[in-house]
>>> print(open('target23.csv').read())   # CSV, C-alpha atoms and all ligand atoms
chain,number,residue,atom,x,y,z
A,163,MET,CA,-39.1,-1.2,16.6
A,164,LYS,CA,-39.1,-0.1,20.2
A,165,LYS,CA,-39.6,3.6,20.8
A,166,GLN,CA,-36.6,5.5,22.0
A,167,ARG,CA,-37.3,7.2,25.3
A,168,THR,CA,-35.4,9.6,27.6
A,169,ALA,CA,-34.6,8.3,31.1
A,170,VAL,CA,-33.4,10.3,34.1
A,171,ILE,CA,-31.9,8.2,36.9
A,172,THR,CA,-31.1,10.1,40.1
A,173,GLY,CA,-28.0,9.0,42.1
A,174,SER,CA,-26.6,6.9,39.3
A,175,ASN,CA,-22.8,7.2,39.2
A,176,SER,CA,-22.6,4.0,41.4
A,177,GLY,CA,-24.4,0.9,42.5
A,178,ILE,CA,-28.0,0.2,41.6
A,179,GLY,CA,-28.5,3.5,39.7
A,180,LEU,CA,-25.6,2.7,37.5
A,181,GLY,CA,-26.9,-0.8,36.9
A,182,ILE,CA,-30.3,0.7,35.9
A,183,ALA,CA,-28.5,3.2,33.6
A,184,HIS,CA,-26.8,0.3,31.8
A,185,ALA,CA,-30.1,-1.6,31.5
A,186,LEU,CA,-32.0,1.3,30.0
A,187,ALA,CA,-29.0,2.3,27.7
A,188,ALA,CA,-29.0,-1.3,26.4
A,189,GLU,CA,-32.6,-0.7,25.4
A,190,GLY,CA,-31.4,2.2,23.2
A,191,HIS,CA,-32.9,4.9,25.4
A,192,ASN,CA,-31.3,8.3,26.0
A,193,VAL,CA,-30.0,8.2,29.6
A,194,VAL,CA,-29.2,10.9,32.1
A,195,ILE,CA,-27.0,9.8,34.9
A,196,ASN,CA,-26.6,12.0,38.0
A,197,SER,CA,-25.0,12.6,41.3
A,198,TYR,CA,-24.0,15.6,43.5
A,199,THR,CA,-20.4,15.6,42.3
A,200,ASP,CA,-19.1,17.1,39.1
A,201,ASN,CA,-15.9,15.3,38.4
A,202,ASP,CA,-14.3,14.3,35.1
A,203,GLU,CA,-15.0,10.7,36.1
A,204,ASP,CA,-18.7,11.3,36.2
A,205,HIS,CA,-18.7,12.6,32.6
A,206,ALA,CA,-16.3,9.8,31.5
A,207,LEU,CA,-18.8,7.3,33.0
A,208,ALA,CA,-21.5,8.7,30.8
A,209,ASP,CA,-19.3,8.4,27.8
A,210,GLU,CA,-18.4,4.8,28.7
A,211,ILE,CA,-22.1,3.9,28.8
A,212,SER,CA,-22.8,5.6,25.5
A,213,LYS,CA,-19.9,3.7,23.9
A,214,LYS,CA,-20.9,0.4,25.3
A,215,HIS,CA,-24.5,0.5,24.3
A,216,GLY,CA,-24.4,2.9,21.3
A,217,ASN,CA,-27.0,5.2,23.0
A,218,GLN,CA,-26.7,8.8,24.2
A,219,THR,CA,-25.9,9.0,27.9
A,220,ILE,CA,-25.0,12.3,29.6
A,221,TYR,CA,-24.1,13.3,33.2
A,222,ILE,CA,-26.0,16.1,34.9
A,223,GLN,CA,-24.8,17.3,38.3
A,224,ALA,CA,-27.6,18.0,40.9
A,225,ASP,CA,-27.7,17.6,44.6
A,226,MET,CA,-30.8,15.6,45.5
A,227,SER,CA,-30.9,17.0,49.0
A,228,LYS,CA,-32.0,20.3,47.5
A,229,GLY,CA,-35.5,20.6,46.0
A,230,GLU,CA,-34.6,23.2,43.4
A,231,GLU,CA,-31.8,21.1,42.1
A,232,CYS,CA,-34.0,18.0,41.8
A,233,ARG,CA,-36.4,20.0,39.7
A,234,ALA,CA,-33.6,21.5,37.7
A,235,LEU,CA,-32.2,18.0,36.9
A,236,VAL,CA,-35.5,17.2,35.1
A,237,SER,CA,-35.7,20.5,33.2
A,238,LYS,CA,-32.0,20.3,32.1
A,239,ALA,CA,-32.6,16.7,30.9
A,240,ALA,CA,-35.7,17.9,29.0
A,241,ASP,CA,-33.7,20.9,27.5
A,242,ARG,CA,-31.1,18.4,26.2
A,243,PHE,CA,-33.4,15.6,24.9
A,244,GLY,CA,-36.8,17.4,24.4
A,245,HIS,CA,-38.7,15.6,27.2
A,246,VAL,CA,-38.3,13.2,30.1
A,247,ASP,CA,-40.3,9.9,29.7
A,248,ILE,CA,-38.8,7.6,32.3
A,249,LEU,CA,-37.9,8.9,35.8
A,250,VAL,CA,-36.1,6.6,38.2
A,251,ASN,CA,-35.8,8.0,41.7
A,252,ASN,CA,-32.8,6.1,43.1
A,253,ALA,CA,-30.5,8.4,45.0
A,254,GLY,CA,-30.2,7.3,48.6
A,255,ILE,CA,-27.9,7.3,51.7
A,256,GLN,CA,-27.9,5.4,54.9
A,257,HIS,CA,-27.0,6.0,58.6
A,258,VAL,CA,-27.3,3.4,61.3
A,259,ALA,CA,-27.9,4.6,64.9
A,260,ALA,CA,-30.4,4.3,67.7
A,261,ILE,CA,-33.1,7.0,67.6
A,262,GLU,CA,-31.7,8.8,70.7
A,263,ASP,CA,-28.2,8.9,69.1
A,264,PHE,CA,-29.3,9.8,65.6
A,265,PRO,CA,-27.9,13.2,64.6
A,266,PRO,CA,-30.9,15.4,63.6
A,267,GLU,CA,-29.0,16.9,60.6
A,268,THR,CA,-28.5,13.3,59.3
A,269,TRP,CA,-32.2,12.6,59.8
A,270,ASP,CA,-33.0,15.7,57.7
A,271,ARG,CA,-30.5,14.8,55.0
A,272,ILE,CA,-31.8,11.2,54.6
A,273,ILE,CA,-35.4,12.4,54.5
A,274,ALA,CA,-34.4,15.0,51.8
A,275,ILE,CA,-32.3,12.7,49.6
A,276,ASN,CA,-34.2,9.4,50.0
A,277,MET,CA,-37.8,10.7,50.1
A,278,SER,CA,-38.4,14.4,49.3
A,279,SER,CA,-36.2,14.3,46.1
A,280,SER,CA,-38.8,12.0,44.5
A,281,PHE,CA,-41.6,14.5,45.3
A,282,HIS,CA,-39.6,17.3,43.5
A,283,THR,CA,-38.5,15.3,40.5
A,284,MET,CA,-42.0,13.9,40.0
A,285,ALA,CA,-43.5,17.4,40.3
A,286,ALA,CA,-41.2,18.5,37.5
A,287,ALA,CA,-41.6,15.3,35.3
A,288,LEU,CA,-45.3,14.5,35.5
A,289,PRO,CA,-46.5,17.5,33.5
A,290,MET,CA,-44.0,16.6,30.7
A,291,MET,CA,-45.2,13.0,30.7
A,292,ARG,CA,-48.8,14.1,30.5
A,293,GLU,CA,-48.1,16.4,27.7
A,294,ASN,CA,-46.1,13.8,25.8
A,295,LYS,CA,-48.8,11.1,26.6
A,296,TRP,CA,-46.4,8.6,28.0
A,297,GLY,CA,-44.5,8.2,31.2
A,298,ARG,CA,-43.0,5.8,33.7
A,299,VAL,CA,-41.9,6.6,37.2
A,300,VAL,CA,-40.0,4.0,39.1
A,301,ASN,CA,-39.1,4.7,42.7
A,302,ILE,CA,-36.3,2.6,44.2
A,303,ALA,CA,-37.7,2.0,47.7
A,304,SER,CA,-36.4,-1.0,49.7
A,305,ALA,CA,-37.6,-4.0,51.7
A,306,HIS,CA,-37.3,-1.3,54.4
A,307,GLY,CA,-40.2,0.5,52.7
A,308,LEU,CA,-42.4,-2.5,53.7
A,309,THR,CA,-40.8,-3.6,56.9
A,310,ALA,CA,-38.5,-2.2,59.6
A,311,SER,CA,-35.1,-2.9,61.2
A,312,PRO,CA,-33.8,-1.2,64.4
A,313,TYR,CA,-31.3,1.7,64.1
A,314,LYS,CA,-32.4,2.7,60.6
A,315,SER,CA,-35.2,5.2,61.7
A,316,ALA,CA,-34.6,7.8,59.0
A,317,TYR,CA,-34.1,5.3,56.2
A,318,VAL,CA,-37.1,3.1,57.1
A,319,THR,CA,-39.3,6.3,57.5
A,320,ALA,CA,-38.1,7.7,54.1
A,321,LYS,CA,-38.6,4.4,52.3
A,322,HIS,CA,-42.1,3.9,53.7
A,323,GLY,CA,-42.8,7.5,52.6
A,324,VAL,CA,-41.6,6.7,49.1
A,325,VAL,CA,-44.0,3.7,48.9
A,326,GLY,CA,-46.9,5.9,50.0
A,327,MET,CA,-45.9,8.7,47.6
A,328,THR,CA,-45.8,6.1,44.8
A,329,LYS,CA,-49.4,5.1,45.4
A,330,VAL,CA,-50.5,8.8,45.5
A,331,ALA,CA,-48.7,9.5,42.2
A,332,ALA,CA,-50.3,6.4,40.6
A,333,LEU,CA,-53.8,7.6,41.6
A,334,GLU,CA,-53.2,11.1,40.4
A,335,THR,CA,-52.0,9.7,37.0
A,336,ALA,CA,-54.3,6.7,36.8
A,337,GLU,CA,-56.2,8.0,33.7
A,338,ASP,CA,-53.1,9.2,32.0
A,339,PRO,CA,-50.8,6.8,30.0
A,340,ILE,CA,-48.4,7.0,33.0
A,341,THR,CA,-47.5,4.4,35.6
A,342,CYS,CA,-45.8,4.9,39.0
A,343,ASN,CA,-44.4,2.0,40.9
A,344,ALA,CA,-41.8,1.2,43.5
A,345,ILE,CA,-39.2,-1.5,43.5
A,346,CYS,CA,-38.3,-2.8,46.9
A,347,PRO,CA,-34.8,-4.5,46.8
A,348,GLY,CA,-33.5,-6.6,49.6
A,349,TYR,CA,-29.7,-6.5,50.1
A,350,VAL,CA,-27.8,-5.7,46.9
A,351,LEU,CA,-24.0,-5.7,47.2
A,352,THR,CA,-23.2,-2.0,46.4
A,353,PRO,CA,-21.0,0.6,48.0
A,354,LEU,CA,-23.9,1.6,50.3
A,355,VAL,CA,-24.0,-2.0,51.7
A,356,GLU,CA,-20.2,-2.5,51.5
A,357,ALA,CA,-19.8,0.6,53.8
A,358,GLN,CA,-21.8,-1.2,56.5
A,359,ILE,CA,-19.6,-4.3,56.6
A,360,PRO,CA,-16.5,-3.0,58.5
A,361,ASP,CA,-18.5,-1.5,61.4
A,362,THR,CA,-20.6,-4.6,61.7
A,363,MET,CA,-17.5,-6.8,61.7
A,364,LYS,CA,-16.2,-4.8,64.6
A,365,LYS,CA,-19.5,-4.6,66.5
A,366,TYR,CA,-20.1,-8.4,66.5
A,367,ASP,CA,-16.4,-9.4,66.3
A,368,MET,CA,-17.1,-11.4,63.2
A,369,ASP,CA,-15.2,-12.0,59.9
A,370,ARG,CA,-16.6,-10.6,56.7
A,371,GLU,CA,-18.1,-13.9,55.5
A,372,THR,CA,-20.0,-14.4,58.8
A,373,VAL,CA,-21.3,-10.8,58.7
A,374,VAL,CA,-22.6,-11.2,55.2
A,375,ARG,CA,-24.4,-14.5,55.9
A,376,GLU,CA,-25.5,-14.1,59.5
A,377,VAL,CA,-26.1,-10.3,59.8
A,378,LEU,CA,-26.8,-8.8,56.3
A,379,LEU,CA,-28.5,-11.8,54.7
A,380,GLU,CA,-30.0,-13.0,57.9
A,381,ARG,CA,-33.5,-11.9,56.8
A,382,GLN,CA,-32.9,-12.7,53.1
A,383,PRO,CA,-34.1,-16.3,52.9
A,384,SER,CA,-32.3,-16.9,49.5
A,385,LYS,CA,-29.0,-16.1,51.3
A,386,GLN,CA,-27.9,-14.4,48.2
A,387,PHE,CA,-27.6,-10.7,47.4
A,388,ALA,CA,-29.9,-9.4,44.6
A,389,THR,CA,-27.8,-7.9,41.8
A,390,VAL,CA,-27.9,-4.5,40.1
A,391,GLU,CA,-28.6,-6.3,36.8
A,392,GLN,CA,-31.8,-7.8,38.3
A,393,ILE,CA,-33.0,-4.4,39.5
A,394,GLY,CA,-32.1,-2.9,36.1
A,395,GLY,CA,-34.2,-5.7,34.4
A,396,THR,CA,-37.1,-5.0,36.7
A,397,VAL,CA,-37.0,-1.3,35.7
A,398,VAL,CA,-36.9,-2.3,32.0
A,399,PHE,CA,-40.0,-4.6,32.5
A,400,LEU,CA,-41.9,-1.7,34.3
A,401,CYS,CA,-41.1,0.5,31.2
A,402,SER,CA,-42.4,-2.2,28.8
A,403,ASP,CA,-45.8,-2.4,27.3
A,404,HIS,CA,-46.4,-5.6,29.3
A,405,ALA,CA,-46.4,-3.4,32.5
A,406,GLU,CA,-48.9,-0.8,31.2
A,407,GLN,CA,-51.6,-1.8,33.8
A,408,ILE,CA,-49.1,-2.2,36.6
A,409,THR,CA,-49.3,1.0,38.7
A,410,GLY,CA,-49.3,2.1,42.3
A,411,THR,CA,-47.7,-1.1,43.5
A,412,THR,CA,-44.4,-2.4,44.8
A,413,ILE,CA,-42.3,-5.2,43.3
A,414,SER,CA,-40.0,-6.9,45.8
A,415,VAL,CA,-36.6,-8.1,44.6
A,416,ASP,CA,-35.5,-9.4,48.0
A,417,GLY,CA,-34.9,-13.2,47.9
A,418,GLY,CA,-38.1,-13.7,50.0
A,419,TRP,CA,-37.4,-11.2,52.8
A,420,THR,CA,-40.9,-9.8,52.9
A,421,ALA,CA,-42.5,-13.2,52.7
A,422,LEU,CA,-41.2,-14.0,56.2
B,501,LIG,P1,-24.8,3.6,46.3
B,501,LIG,O1,-24.1,4.3,47.5
B,501,LIG,O2,-23.9,2.7,45.5
B,501,LIG,O3,-25.5,4.7,45.4
B,501,LIG,C1,-26.1,5.8,45.8
B,501,LIG,C2,-26.1,6.8,44.7
B,501,LIG,O4,-26.8,8.0,45.2
B,501,LIG,C3,-24.7,7.2,44.3
B,501,LIG,O5,-24.7,7.4,42.9
B,501,LIG,C4,-24.5,8.6,45.0
B,501,LIG,O6,-23.7,9.4,44.3
B,501,LIG,C5,-26.0,9.1,44.9
B,501,LIG,N1,-26.2,10.2,45.9
B,501,LIG,C6,-26.0,10.2,47.2
B,501,LIG,N2,-26.3,11.4,47.7
B,501,LIG,C7,-26.7,12.2,46.6
B,501,LIG,C8,-27.2,13.5,46.5
B,501,LIG,N3,-27.2,14.3,47.5
B,501,LIG,N4,-27.5,13.9,45.3
B,501,LIG,C9,-27.5,13.1,44.2
B,501,LIG,N5,-27.0,11.8,44.3
B,501,LIG,C10,-26.7,11.4,45.5
B,501,LIG,O7,-26.0,2.8,46.9
B,501,LIG,P2,-27.0,1.8,46.3
B,501,LIG,O8,-27.0,0.6,47.1
B,501,LIG,O9,-26.8,1.6,44.8
B,501,LIG,O10,-28.4,2.5,46.5
B,501,LIG,C11,-29.2,3.1,45.5
B,501,LIG,C12,-30.7,3.1,46.0
B,501,LIG,O11,-31.1,1.8,46.2
B,501,LIG,C13,-30.8,3.9,47.3
B,501,LIG,O12,-32.0,4.6,47.3
B,501,LIG,C14,-30.9,2.8,48.3
B,501,LIG,O13,-31.7,3.1,49.5
B,501,LIG,C15,-31.7,1.7,47.5
B,501,LIG,N6,-31.5,0.3,48.1
B,501,LIG,C16,-30.3,-0.2,48.1
B,501,LIG,C17,-30.2,-1.5,48.7
B,501,LIG,C18,-28.9,-2.2,48.8
B,501,LIG,O14,-28.9,-3.3,49.4
B,501,LIG,N7,-27.8,-1.8,48.2
B,501,LIG,C19,-31.4,-2.2,49.1
B,501,LIG,C20,-32.6,-1.6,49.0
B,501,LIG,C21,-32.7,-0.3,48.5
>>> encode(input="target23.csv", output="structure tokens")
Amino acid sequence: MKKQRTAVITGSNSGIGLGIAHALAAEGHNVVINSYTDNDEDHALADEISKKHGNQTIYIQADMSKGEECRALVSKAADRFGHVDILVNNAGIQHVAAIEDFPPETWDRIIAINMSSSFHTMAAALPMMRENKWGRVVNIASAHGLTASPYKSAYVTAKHGVVGMTKVAALETAEDPITCNAICPGYVLTPLVEAQIPDTMKKYDMDRETVVREVLLERQPSKQFATVEQIGGTVVFLCSDHAEQITGTTISVDGGWTAL
């Protein structure tokens, strides 16, 4: 029988994080979903996941732009379930503008949410994993953690930072039964990507279908979006015994983007 673990997924009331929550819940693990909001819908979402998969899922509010709240998310999850075994750093936002037009406060926010939050959650979770003699950290980076695009300076910087931080964490835990890896998705059709479509349609005077094919998926050779289920499945694999010796690396789920 598979061992039941406790997983914390940051930024998981939507998109990829929610897909990962479903995938880990389907494995029978306890799951903590999170965002910065504290609405009835957030708690209802957790109940829905529990009901669907017969596991225990709870919602914990914490703002990943604030270091103390990142650390508190991990300790509250441990208070509830005893320890945290799987940490998925997924929370992320995007802003598209040339460097000279990029609002400095938006730069700070993206660096905080997309990169520094992983430092804080790992700082809180790794000692628990060491003590419990098992741990998996999966950082959701991006194809933009390995390559760049114009007008996404903060996002590309943060995601490259996450890839670097993943390697450091893997080396610091190499002799412990803990692995730290990053998944680098290409385009996945989630609210984060959906939000970029109207502006791009206006900018290039294109219809939606043309924007998807010729702009968004221009660099994704498969010409298909990756799905949240595929990212969830990759997390489940990284948490399995088969992945025990996979640490400090990146797994691209990008339809060939980074092979170009
Ligand atoms: P999304 O907008 O659907 O989800 C982002 C999640 O982060 C939401 O649950 C949101 O509530 C949460 N969040 C935002 N700010 C937060 C904060 N301050 N505190 C806590 N939670 C916060 O986007 P997504 O596409 O599912 O993105 C998830 C992750 O995947 C991000 O890190 C993103 O960079 C990465 N990613 C996405 C794609 C893609 O094509 N969608 C590709 C590569 C990487």
>>> atom_distance(input="target23.csv", atom1="atom C1 of ligand LIG 501 (chain B)", atom2="atom CA of A:Gly254")
5.2 Å
>>> closest_atom_pairs(input="target23.csv", of="chain A", to="ligand LIG 501 (chain B)", cutoff="8 Å", atoms="all atoms listed in the file", output="Markdown table")
| residue | atom | partner | partner_atom | distance |
| --- | --- | --- | --- | --- |
| A:Thr172 | CA | B:LIG501 | N5 | 6.1 |
| A:Gly173 | CA | B:LIG501 | C5 | 3.4 |
| A:Ser174 | CA | B:LIG501 | O5 | 4.1 |
| A:Asn175 | CA | B:LIG501 | O5 | 4.2 |
| A:Ser176 | CA | B:LIG501 | O5 | 4.3 |
| A:Gly177 | CA | B:LIG501 | O9 | 3.4 |
| A:Ile178 | CA | B:LIG501 | O9 | 3.7 |
| A:Gly179 | CA | B:LIG501 | O9 | 5.7 |
| A:Leu180 | CA | B:LIG501 | O5 | 7.2 |
| A:Asn196 | CA | B:LIG501 | N5 | 6.3 |
| A:Ser197 | CA | B:LIG501 | N5 | 3.7 |
| A:Tyr198 | CA | B:LIG501 | N4 | 4.3 |
| A:Thr199 | CA | B:LIG501 | O6 | 7.3 |
| A:Gln223 | CA | B:LIG501 | C9 | 7.7 |
| A:Ala224 | CA | B:LIG501 | C9 | 5.9 |
| A:Asp225 | CA | B:LIG501 | N4 | 3.8 |
| A:Met226 | CA | B:LIG501 | N4 | 3.7 |
| A:Ser227 | CA | B:LIG501 | N3 | 4.8 |
| A:Lys228 | CA | B:LIG501 | N3 | 7.7 |
| A:Asn251 | CA | B:LIG501 | O12 | 7.6 |
| A:Asn252 | CA | B:LIG501 | O12 | 4.5 |
| A:Ala253 | CA | B:LIG501 | O4 | 3.7 |
| A:Gly254 | CA | B:LIG501 | O12 | 3.5 |
| A:Ile255 | CA | B:LIG501 | C6 | 5.7 |
| A:Gln256 | CA | B:LIG501 | O13 | 7.0 |
| A:Ile275 | CA | B:LIG501 | N3 | 5.7 |
| A:Asn276 | CA | B:LIG501 | O12 | 5.9 |
| A:Ile302 | CA | B:LIG501 | O11 | 5.6 |
| A:Ala303 | CA | B:LIG501 | C21 | 5.6 |
| A:Ser304 | CA | B:LIG501 | C20 | 3.9 |
| A:Ala305 | CA | B:LIG501 | C20 | 6.2 |
| A:His306 | CA | B:LIG501 | C20 | 7.2 |
| A:Tyr317 | CA | B:LIG501 | O13 | 7.4 |
| A:Lys321 | CA | B:LIG501 | O13 | 7.6 |
| A:Cys346 | CA | B:LIG501 | C20 | 6.2 |
| A:Pro347 | CA | B:LIG501 | C20 | 4.3 |
| A:Gly348 | CA | B:LIG501 | C19 | 4.9 |
| A:Tyr349 | CA | B:LIG501 | O14 | 3.4 |
| A:Val350 | CA | B:LIG501 | O14 | 3.6 |
| A:Leu351 | CA | B:LIG501 | N7 | 5.5 |
| A:Thr352 | CA | B:LIG501 | O8 | 4.7 |
| A:Pro353 | CA | B:LIG501 | O2 | 4.4 |
| A:Leu354 | CA | B:LIG501 | O1 | 3.9 |
| A:Val355 | CA | B:LIG501 | N7 | 5.2 |
| A:Phe387 | CA | B:LIG501 | O14 | 7.8 |
| A:Ala388 | CA | B:LIG501 | O14 | 7.8 |
| A:Val390 | CA | B:LIG501 | O9 | 7.8 |
>>> residues_near_point(input="target23.csv", point="(-28.9, -0.5, 34.5)", cutoff="10 Å", atoms="all atoms listed in the file", output="NGL selection string")
:A and (171 or 174 or 177-189 or 211 or 390-398)
>>> axis_aligned_box(input="target23.csv", around="stretch 327-339 of chain A", padding_each_side="8 Å", output="AutoDock Vina command-line options")
--center_x -51.0 --center_y 8.1 --center_z 38.8 --size_x 26.4 --size_y 22.0 --size_z 33.6
>>> atom_distance(input="target23.csv", atom1="atom CA of A:Pro339", atom2="atom CA of A:Trp296")
5.2 Å
